[in-house]
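Here is the file target_18.txt (compact mmCIF, C-alpha atoms (C1' of nucleotides)).
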```txt
# COMPACT_ATOMS: atom_id res chain seq x y z
CA MET A 1 44.35 123.97 -153.12
CA PRO A 2 47.63 124.66 -154.89
CA ARG A 3 50.41 126.37 -153.02
CA PRO A 4 52.60 127.93 -155.67
CA ASN A 5 54.78 129.88 -153.23
CA HIS A 6 56.02 126.84 -151.42
CA GLN A 7 59.70 125.95 -151.44
CA ASN A 8 60.16 122.23 -151.99
CA MET A 9 62.48 120.26 -149.75
CA SER A 10 65.22 118.14 -151.26
CA PRO A 11 64.85 114.36 -151.15
CA GLU A 12 67.77 114.32 -148.71
CA ALA A 13 66.02 116.70 -146.34
CA LEU A 14 62.82 114.70 -146.61
CA ALA A 15 64.79 111.59 -145.74
CA LEU A 16 65.84 113.21 -142.47
CA VAL A 17 62.24 114.12 -141.77
CA ALA A 18 61.27 110.53 -142.51
CA THR A 19 63.87 109.34 -140.03
CA ARG A 20 62.31 111.45 -137.30
CA PHE A 21 58.91 109.97 -138.07
CA LYS A 22 60.42 106.50 -137.99
CA ILE A 23 61.74 107.11 -134.49
CA LEU A 24 58.20 107.99 -133.41
CA ALA A 25 56.65 105.07 -135.27
CA GLU A 26 57.11 102.57 -132.45
CA PRO A 27 54.40 102.13 -129.80
CA VAL A 28 56.88 101.35 -127.06
CA ARG A 29 58.84 104.52 -127.75
CA LEU A 30 55.66 106.57 -127.66
CA GLN A 31 54.79 104.95 -124.34
CA ILE A 32 58.23 105.88 -123.02
CA LEU A 33 57.84 109.47 -124.16
CA GLN A 34 54.38 109.68 -122.64
CA HIS A 35 55.71 108.32 -119.37
CA LEU A 36 58.50 110.90 -119.38
CA GLU A 37 55.99 113.67 -119.97
CA THR A 38 55.29 113.56 -116.24
CA GLY A 39 58.96 114.14 -115.50
CA GLU A 40 62.35 112.53 -115.29
CA SER A 41 62.33 108.80 -114.64
CA SER A 42 64.76 105.95 -114.07
CA VAL A 43 65.16 103.05 -116.46
CA THR A 44 63.64 100.71 -113.93
CA ASP A 45 60.57 102.90 -113.47
CA ILE A 46 60.15 103.25 -117.21
CA THR A 47 60.47 99.50 -117.62
CA ASN A 48 57.77 98.86 -115.05
CA SER A 49 55.51 101.51 -116.53
CA VAL A 50 55.81 100.31 -120.10
CA ARG A 51 55.81 96.61 -119.19
CA SER A 52 58.62 95.54 -121.43
CA THR A 53 62.00 94.04 -120.65
CA GLN A 54 64.85 96.16 -119.35
CA PRO A 55 67.17 95.52 -122.30
CA ASN A 56 64.45 96.44 -124.73
CA ILE A 57 63.73 99.68 -122.90
CA SER A 58 67.44 100.52 -122.78
CA LYS A 59 67.68 99.97 -126.50
CA HIS A 60 64.73 102.23 -127.20
CA LEU A 61 66.10 104.89 -124.85
CA LYS A 62 69.38 104.88 -126.74
CA ILE A 63 67.51 105.39 -130.02
CA LEU A 64 65.53 108.26 -128.52
CA GLN A 65 68.67 109.82 -127.11
CA ASP A 66 70.59 109.55 -130.38
CA GLU A 67 67.74 111.40 -132.04
CA GLY A 68 67.89 114.09 -129.38
CA LEU A 69 64.40 113.42 -128.05
CA VAL A 70 65.46 112.44 -124.52
CA ALA A 71 68.44 113.30 -122.34
CA ARG A 72 70.32 111.15 -119.85
CA ARG A 73 71.50 111.86 -116.32
CA GLN A 74 73.31 109.38 -114.14
CA ASP A 75 73.12 109.49 -110.35
CA GLY A 76 75.11 106.75 -108.74
CA ASN A 77 73.81 103.46 -109.91
CA THR A 78 70.67 104.86 -111.41
CA VAL A 79 70.18 106.50 -114.79
CA TYR A 80 67.42 109.03 -115.28
CA TYR A 81 65.99 110.02 -118.62
CA ARG A 82 63.95 113.10 -119.42
CA ILE A 83 62.31 114.74 -122.41
CA ALA A 84 64.80 116.82 -124.40
CA ASP A 85 62.52 117.90 -127.25
CA GLU A 86 58.98 118.97 -126.45
CA SER A 87 57.98 118.97 -130.10
CA VAL A 88 57.07 115.31 -129.84
CA PHE A 89 53.98 116.20 -127.87
CA GLU A 90 52.92 118.76 -130.43
CA LEU A 91 53.31 116.09 -133.10
CA CYS A 92 51.20 113.63 -131.16
CA GLU A 93 48.48 116.21 -130.66
CA VAL A 94 48.30 116.95 -134.36
CA VAL A 95 48.13 113.26 -135.17
CA CYS A 96 45.44 112.67 -132.56
CA GLY A 97 43.35 115.44 -134.04
CA SER A 98 43.70 113.97 -137.48
CA LEU A 99 42.89 110.45 -136.31
CA LYS A 100 39.84 111.67 -134.48
CA VAL A 101 38.50 113.15 -137.72
CA LYS A 102 39.46 110.06 -139.70
CA PHE A 103 37.66 107.65 -137.41
CA ALA A 104 34.67 109.95 -137.02
CA GLU A 105 34.31 110.00 -140.80
CA ARG A 106 34.56 106.24 -141.05
CA SER A 107 32.13 105.83 -138.18
CA ALA A 108 29.67 108.13 -139.97
CA MET A 109 29.84 105.82 -142.98
CA PHE A 110 27.68 103.41 -140.95
CA GLY A 111 24.99 105.92 -140.18
CA MET B 1 58.65 119.95 -116.08
CA PRO B 2 55.95 117.59 -114.84
CA ARG B 3 52.47 117.80 -116.29
CA PRO B 4 50.19 116.30 -113.64
CA ASN B 5 46.94 117.28 -115.37
CA HIS B 6 47.65 115.32 -118.48
CA GLN B 7 45.41 112.40 -119.44
CA ASN B 8 47.51 109.46 -120.58
CA MET B 9 46.65 107.66 -123.76
CA SER B 10 46.10 103.92 -123.73
CA PRO B 11 48.74 101.70 -125.36
CA GLU B 12 46.16 100.88 -128.03
CA ALA B 13 45.63 104.53 -128.89
CA LEU B 14 49.36 105.11 -128.95
CA ALA B 15 49.69 102.19 -131.35
CA LEU B 16 47.35 103.97 -133.76
CA VAL B 17 49.42 107.14 -133.44
CA ALA B 18 52.54 105.08 -134.12
CA THR B 19 50.90 103.71 -137.25
CA ARG B 20 50.32 107.21 -138.55
CA PHE B 21 53.97 108.06 -137.94
CA LYS B 22 55.00 104.88 -139.71
CA ILE B 23 53.04 105.91 -142.80
CA LEU B 24 55.01 109.15 -142.81
CA ALA B 25 58.33 107.44 -142.13
CA GLU B 26 59.09 106.69 -145.77
CA PRO B 27 60.99 109.21 -147.90
CA VAL B 28 59.15 108.30 -151.07
CA ARG B 29 55.79 108.84 -149.44
CA LEU B 30 56.90 112.22 -148.16
CA GLN B 31 58.03 113.10 -151.67
CA ILE B 32 54.63 112.10 -152.99
CA LEU B 33 52.85 114.22 -150.40
CA GLN B 34 55.11 117.17 -151.14
CA HIS B 35 54.43 116.81 -154.83
CA LEU B 36 50.68 116.74 -154.18
CA GLU B 37 50.96 119.88 -152.10
CA THR B 38 50.95 121.82 -155.37
CA GLY B 39 47.67 120.21 -156.34
CA GLU B 40 46.06 117.10 -157.76
CA SER B 41 48.33 114.94 -159.90
CA SER B 42 48.17 111.80 -162.00
CA VAL B 43 50.07 108.63 -161.12
CA THR B 44 52.29 109.12 -164.15
CA ASP B 45 53.17 112.67 -163.15
CA ILE B 46 53.89 111.60 -159.59
CA THR B 47 56.06 108.76 -160.84
CA ASN B 48 58.11 111.12 -162.98
CA SER B 49 58.41 113.65 -160.20
CA VAL B 50 59.51 111.19 -157.55
CA ARG B 51 61.68 109.16 -159.92
CA SER B 52 60.58 105.74 -158.82
CA THR B 53 58.81 102.95 -160.68
CA GLN B 54 55.11 103.10 -161.41
CA PRO B 55 54.20 99.97 -159.40
CA ASN B 56 56.11 101.27 -156.41
CA ILE B 57 54.32 104.62 -156.57
CA SER B 58 50.95 102.89 -156.91
CA LYS B 59 51.71 100.83 -153.85
CA HIS B 60 52.64 103.87 -151.81
CA LEU B 61 49.55 105.71 -153.01
CA LYS B 62 47.38 102.86 -151.83
CA ILE B 63 49.00 103.01 -148.40
CA LEU B 64 48.47 106.76 -148.22
CA GLN B 65 44.87 106.40 -149.31
CA ASP B 66 44.10 103.65 -146.82
CA GLU B 67 45.39 105.96 -144.10
CA GLY B 68 43.15 108.75 -145.38
CA LEU B 69 46.01 111.06 -146.31
CA VAL B 70 45.26 111.23 -150.03
CA ALA B 71 42.09 110.83 -152.09
CA ARG B 72 41.60 109.28 -155.50
CA ARG B 73 39.69 110.48 -158.54
CA GLN B 74 39.50 108.62 -161.81
CA ASP B 75 38.95 110.39 -165.11
CA GLY B 76 38.89 108.00 -168.02
CA ASN B 77 42.15 106.24 -168.20
CA THR B 78 43.91 108.48 -165.75
CA VAL B 79 43.81 108.43 -161.97
CA TYR B 80 44.40 111.62 -160.04
CA TYR B 81 45.42 111.77 -156.42
CA ARG B 82 45.16 114.74 -154.09
CA ILE B 83 45.86 115.59 -150.47
CA ALA B 84 42.98 114.57 -148.21
CA ASP B 85 44.51 115.52 -144.85
CA GLU B 86 46.40 118.78 -144.55
CA SER B 87 47.75 117.88 -141.13
CA VAL B 88 50.68 116.15 -142.75
CA PHE B 89 52.18 119.51 -143.64
CA GLU B 90 51.79 120.78 -140.12
CA LEU B 91 53.58 117.67 -138.91
CA CYS B 92 56.42 118.20 -141.35
CA GLU B 93 56.80 121.81 -140.27
CA VAL B 94 57.06 120.85 -136.62
CA VAL B 95 59.65 118.20 -137.44
CA CYS B 96 61.63 120.59 -139.59
CA GLY B 97 61.74 123.13 -136.78
CA SER B 98 62.95 120.48 -134.36
CA LEU B 99 65.58 119.17 -136.76
CA LYS B 100 66.85 122.67 -137.40
CA VAL B 101 67.45 123.11 -133.68
CA LYS B 102 68.98 119.66 -133.34
CA PHE B 103 71.50 120.16 -136.12
CA ALA B 104 72.27 123.71 -135.03
CA GLU B 105 73.11 122.38 -131.58
CA ARG B 106 75.33 119.66 -132.97
CA SER B 107 76.99 122.11 -135.33
CA ALA B 108 77.70 124.39 -132.38
CA MET B 109 79.51 121.51 -130.69
CA PHE B 110 82.33 122.14 -133.17
CA GLY B 111 82.70 125.81 -132.39
C1' DT C 1 36.62 94.40 -181.71
C1' DG C 2 41.38 95.06 -181.05
C1' DA C 3 45.50 97.85 -180.11
C1' DG C 4 47.58 100.68 -176.91
C1' DC C 5 47.91 103.33 -172.73
C1' DA C 6 47.46 104.11 -167.54
C1' DT C 7 47.09 102.01 -163.33
C1' DA C 8 46.88 98.14 -160.13
C1' DT C 9 48.21 93.76 -158.36
C1' DA C 10 51.01 89.48 -157.53
C1' DA C 11 55.09 87.17 -156.38
C1' DC C 12 59.47 87.59 -154.91
C1' DT C 13 63.93 89.25 -152.68
C1' DA C 14 66.52 91.92 -149.61
C1' DT C 15 66.96 94.56 -145.68
C1' DG C 16 66.02 96.75 -141.31
C1' DT C 17 64.68 96.28 -136.68
C1' DA C 18 61.87 94.87 -132.43
C1' DG C 19 62.18 91.67 -128.96
C1' DT C 20 64.59 87.98 -126.34
C1' DT C 21 68.31 85.77 -123.73
C1' DA C 22 72.67 85.96 -121.98
C1' DT C 23 76.29 88.58 -120.36
C1' DA C 24 79.12 92.68 -119.60
C1' DT C 25 79.74 97.03 -117.27
C1' DT C 26 79.51 100.16 -113.61
C1' DG C 27 78.28 101.74 -109.19
C1' DT C 28 77.06 101.01 -104.06
C1' DC C 29 77.68 99.29 -99.70
C1' DA C 30 78.82 95.95 -96.10
C1' DT D 1 87.39 93.42 -101.65
C1' DG D 2 83.20 90.94 -102.68
C1' DA D 3 78.25 90.65 -103.31
C1' DC D 4 74.56 92.80 -105.23
C1' DA D 5 71.85 96.12 -107.97
C1' DA D 6 71.01 99.05 -112.21
C1' DT D 7 71.96 99.68 -116.79
C1' DA D 8 74.07 98.62 -121.24
C1' DT D 9 75.54 95.63 -124.89
C1' DA D 10 75.93 91.43 -127.90
C1' DA D 11 74.09 87.83 -130.54
C1' DC D 12 70.28 86.01 -132.32
C1' DT D 13 65.42 85.21 -134.29
C1' DA D 14 61.26 86.61 -136.33
C1' DC D 15 58.72 89.58 -138.93
C1' DA D 16 57.37 93.57 -141.66
C1' DT D 17 57.94 96.01 -145.81
C1' DA D 18 60.34 98.64 -149.76
C1' DG D 19 61.53 97.80 -154.25
C1' DT D 20 61.61 94.96 -158.55
C1' DT D 21 59.73 92.30 -162.42
C1' DA D 22 56.00 90.42 -164.59
C1' DT D 23 51.35 90.55 -165.47
C1' DA D 24 46.50 91.77 -164.90
C1' DT D 25 42.83 95.14 -165.22
C1' DG D 26 40.30 98.66 -167.32
C1' DC D 27 39.71 102.61 -170.28
C1' DT D 28 39.92 104.97 -174.98
C1' DC D 29 39.82 105.31 -179.64
C1' DA D 30 40.47 103.80 -184.40
```
When written as structure tokens, how does the structure in this file appear?
Amino acid sequence: MPRPNHQNMSPEALALVATRFKILAEPVRLQILQHLETGESSVTDITNSVRSTQPNISKHLKILQDEGLVARRQDGNTVYYRIADESVFELCEVVCGSLKVKFAERSAMFG
Amino acid sequence: MPRPNHQNMSPEALALVATRFKILAEPVRLQILQHLETGESSVTDITNSVRSTQPNISKHLKILQDEGLVARRQDGNTVYYRIADESVFELCEVVCGSLKVKFAERSAMFG
DNA sequence: TGAGCATATAACTATGTAGTTATATTGTCA
DNA sequence: TGACAATATAACTACATAGTTATATGCTCA
């Protein structure tokens, strides 16, 4: 199905899109985002939820914040992170739908 | 904005979602997919369009095919690839919308 | 059959980054 | 102020993979 009226993106623009996908291409970061879907959470709570080490979680949170996907709020000694870009959930839903089809097809290959 | 009624995905499922994002996290692969958006294309044509080497394009095409994003058709000496999963374009649109907002916000930081 | 073309694969190098351990920073409270 | 707690950073290791070069595979046609 050709799409003649489509405006192509430049390689540079596509590289920025690829960067966004790369940010989302880490299981731990997806776990963090899923955890934050229920609301703001401290680094300690995220660390316990995701079952990784605190420095690793902090590093991932910094990556997510630099990309604008989460936001930071400090209250005393504790730092709270929250979702800053809801589009990540839309992306995950689209991927889940696609994966469901993909695995259903492959499952059907065995009768 | 908490979402109490949301069913969490297992870490294993999230890992599969992350894998899909990883496939899309390479600029050359996005260029290939964009090229194929206009219709089926041979490896040679893709190689010329994306301006990479033929072995590199073949490798990326194999990765895209294994993930079910493109399909392969051989006609004599020539192999044609086509889009097999249209969801990739929906994903790119969502990302583009998010990036537009992100860069607009950062641009606004400078008045 | 043999030459030539299109595509795929193998072997290799270089680079990016996730995770770990150790430590620094910053805030609270006695 | 000093001890402790929460978070961030630095230095390092291990591993995955993009790209390259060389070569293999497989098809067509004279």
Kindly determine which residues of chain C lie within 12 Å of chain A, considering only C-alpha atoms (C1' of nucleotides), and give the answer as a PyMOL selection string.
chain C and resi 16-23+25-29
Go through A:Asn8, A:Ser58, A:Asn48, A:Gln74 one by one, measure the shortest atom-to-atom distance of each to chain D using all atoms listed in the file, and give the residue with the smallest value.
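Looking at the shortest contact to chain D, the residue is A:Ser58.
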Within 12 Å of stretch 3-7 of chain C: each chain D residue with its shortest pair, only C-alpha atoms (C1' of nucleotides), as a tab-separated table:
```
residue	atom	partner	partner_atom	distance
D:DA24	C1'	C:DT7	C1'	10.4
D:DT25	C1'	C:DT7	C1'	8.3
D:DG26	C1'	C:DT7	C1'	8.6
D:DC27	C1'	C:DA6	C1'	8.4
D:DT28	C1'	C:DC5	C1'	8.5
D:DC29	C1'	C:DA3	C1'	9.4
D:DA30	C1'	C:DA3	C1'	8.9
```
How far is it from atom CA of B:Arg29 to atom CA of A:Pro27, in Å with one decimal?
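The value is 20.8 Å.
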Would you please work out which residue, of A:Ala13, A:Gln54, A:Ile32, A:Thr19, is nearest to chain D when using only C-alpha atoms (C1' of nucleotides)?
A:Gln54
Can you work out which residues from chain A touch chain B at a cut-off of 8 Å (counting all atoms listed in the file) and hand them back as a VMD selection string?
chain A and resid 1 to 4 8 11 14 to 15 17 to 22 24 to 27 30 to 31 34 37 to 39 68 85 87 90 to 92 94 to 96 98 to 99 102
Mind dumping a table of every chain D residue within 9 Å of chain A, with the nearest atom pair and its distance in Å to one decimal, using only C-alpha atoms (C1' of nucleotides), sorted by chain and rising number, as CSV?
```
residue,atom,partner,partner_atom,distance
D:DA5,C1',A:Asn77,CA,7.8
D:DA6,C1',A:Asn77,CA,5.7
D:DT7,C1',A:Val79,CA,7.3
D:DA8,C1',A:Ser58,CA,7.1
D:DT9,C1',A:Pro55,CA,8.8
```
Export, as a PDB file, in the coordinates of the input, the selected residues with C-alpha atoms (C1' of nucleotides).
```
ATOM      1  C1'  DA D   5      71.850  96.120-107.970  1.00  0.00           C
ATOM      2  C1'  DA D   6      71.010  99.050-112.210  1.00  0.00           C
ATOM      3  C1'  DT D   7      71.960  99.680-116.790  1.00  0.00           C
ATOM      4  C1'  DA D   8      74.070  98.620-121.240  1.00  0.00           C
ATOM      5  C1'  DT D   9      75.540  95.630-124.890  1.00  0.00           C
TER       6       DT D   9
END
```
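Here atom CA of B:Ser41 is placed at a distance of 11.6 Å from atom CA of B:Leu61.
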Go ahead and compute the interatomic distance for atom CA of A:Asp66 and atom CA of B:Glu105, in Å to one decimal.
13.1 Å
If we draw a sphere of 12 Å around (65.8, 93.9, -149.6), which residues have at least one atom in it when counting all atoms listed in the file? Please report them as a list of chain:residue names.
C:DC12, C:DT13, C:DA14, C:DT15, C:DG16, D:DA16, D:DT17, D:DA18, D:DG19, D:DT20
As an mmCIF file, keeping the file's coordinate frame, the rebuilt stretch 83-97 of chain B with N, CA and C atoms:
```
data_model
loop_
_atom_site.group_PDB
_atom_site.id
_atom_site.type_symbol
_atom_site.label_atom_id
_atom_site.label_comp_id
_atom_site.auth_asym_id
_atom_site.auth_seq_id
_atom_site.Cartn_x
_atom_site.Cartn_y
_atom_site.Cartn_z
ATOM 1 N N ILE B 83 45.758 115.594 -151.921
ATOM 2 C CA ILE B 83 45.860 115.590 -150.470
ATOM 3 C C ILE B 83 44.464 115.537 -149.855
ATOM 4 N N ALA B 84 44.280 114.660 -148.890
ATOM 5 C CA ALA B 84 42.980 114.570 -148.210
ATOM 6 C C ALA B 84 43.098 114.970 -146.744
ATOM 7 N N ASP B 85 44.305 115.177 -146.268
ATOM 8 C CA ASP B 85 44.510 115.520 -144.850
ATOM 9 C C ASP B 85 45.690 116.486 -144.760
ATOM 10 N N GLU B 86 45.364 117.746 -144.535
ATOM 11 C CA GLU B 86 46.400 118.780 -144.550
ATOM 12 C C GLU B 86 47.311 118.711 -143.332
ATOM 13 N N SER B 87 46.939 117.902 -142.353
ATOM 14 C CA SER B 87 47.750 117.880 -141.130
ATOM 15 C C SER B 87 49.171 117.394 -141.388
ATOM 16 N N VAL B 88 49.338 116.673 -142.489
ATOM 17 C CA VAL B 88 50.680 116.150 -142.750
ATOM 18 C C VAL B 88 51.694 117.297 -142.914
ATOM 19 N N PHE B 89 51.239 118.402 -143.445
ATOM 20 C CA PHE B 89 52.180 119.510 -143.640
ATOM 21 C C PHE B 89 52.511 120.189 -142.326
ATOM 22 N N GLU B 90 51.515 120.243 -141.458
ATOM 23 C CA GLU B 90 51.790 120.780 -140.120
ATOM 24 C C GLU B 90 52.811 119.898 -139.405
ATOM 25 N N LEU B 91 52.636 118.588 -139.545
ATOM 26 C CA LEU B 91 53.580 117.670 -138.910
ATOM 27 C C LEU B 91 54.989 117.895 -139.443
ATOM 28 N N CYS B 92 55.102 118.017 -140.754
ATOM 29 C CA CYS B 92 56.420 118.200 -141.350
ATOM 30 C C CYS B 92 57.054 119.505 -140.880
ATOM 31 N N GLU B 93 56.243 120.534 -140.730
ATOM 32 C CA GLU B 93 56.800 121.810 -140.270
ATOM 33 C C GLU B 93 57.342 121.697 -138.858
ATOM 34 N N VAL B 94 56.592 121.020 -138.000
ATOM 35 C CA VAL B 94 57.060 120.850 -136.620
ATOM 36 C C VAL B 94 58.371 120.069 -136.606
ATOM 37 N N VAL B 95 58.426 119.003 -137.395
ATOM 38 C CA VAL B 95 59.650 118.200 -137.440
ATOM 39 C C VAL B 95 60.815 119.027 -137.976
ATOM 40 N N CYS B 96 60.554 119.779 -139.019
ATOM 41 C CA CYS B 96 61.630 120.590 -139.590
ATOM 42 C C CYS B 96 62.176 121.581 -138.564
ATOM 43 N N GLY B 97 61.277 122.200 -137.812
ATOM 44 C CA GLY B 97 61.740 123.130 -136.780
ATOM 45 C C GLY B 97 62.606 122.429 -135.746
#
```
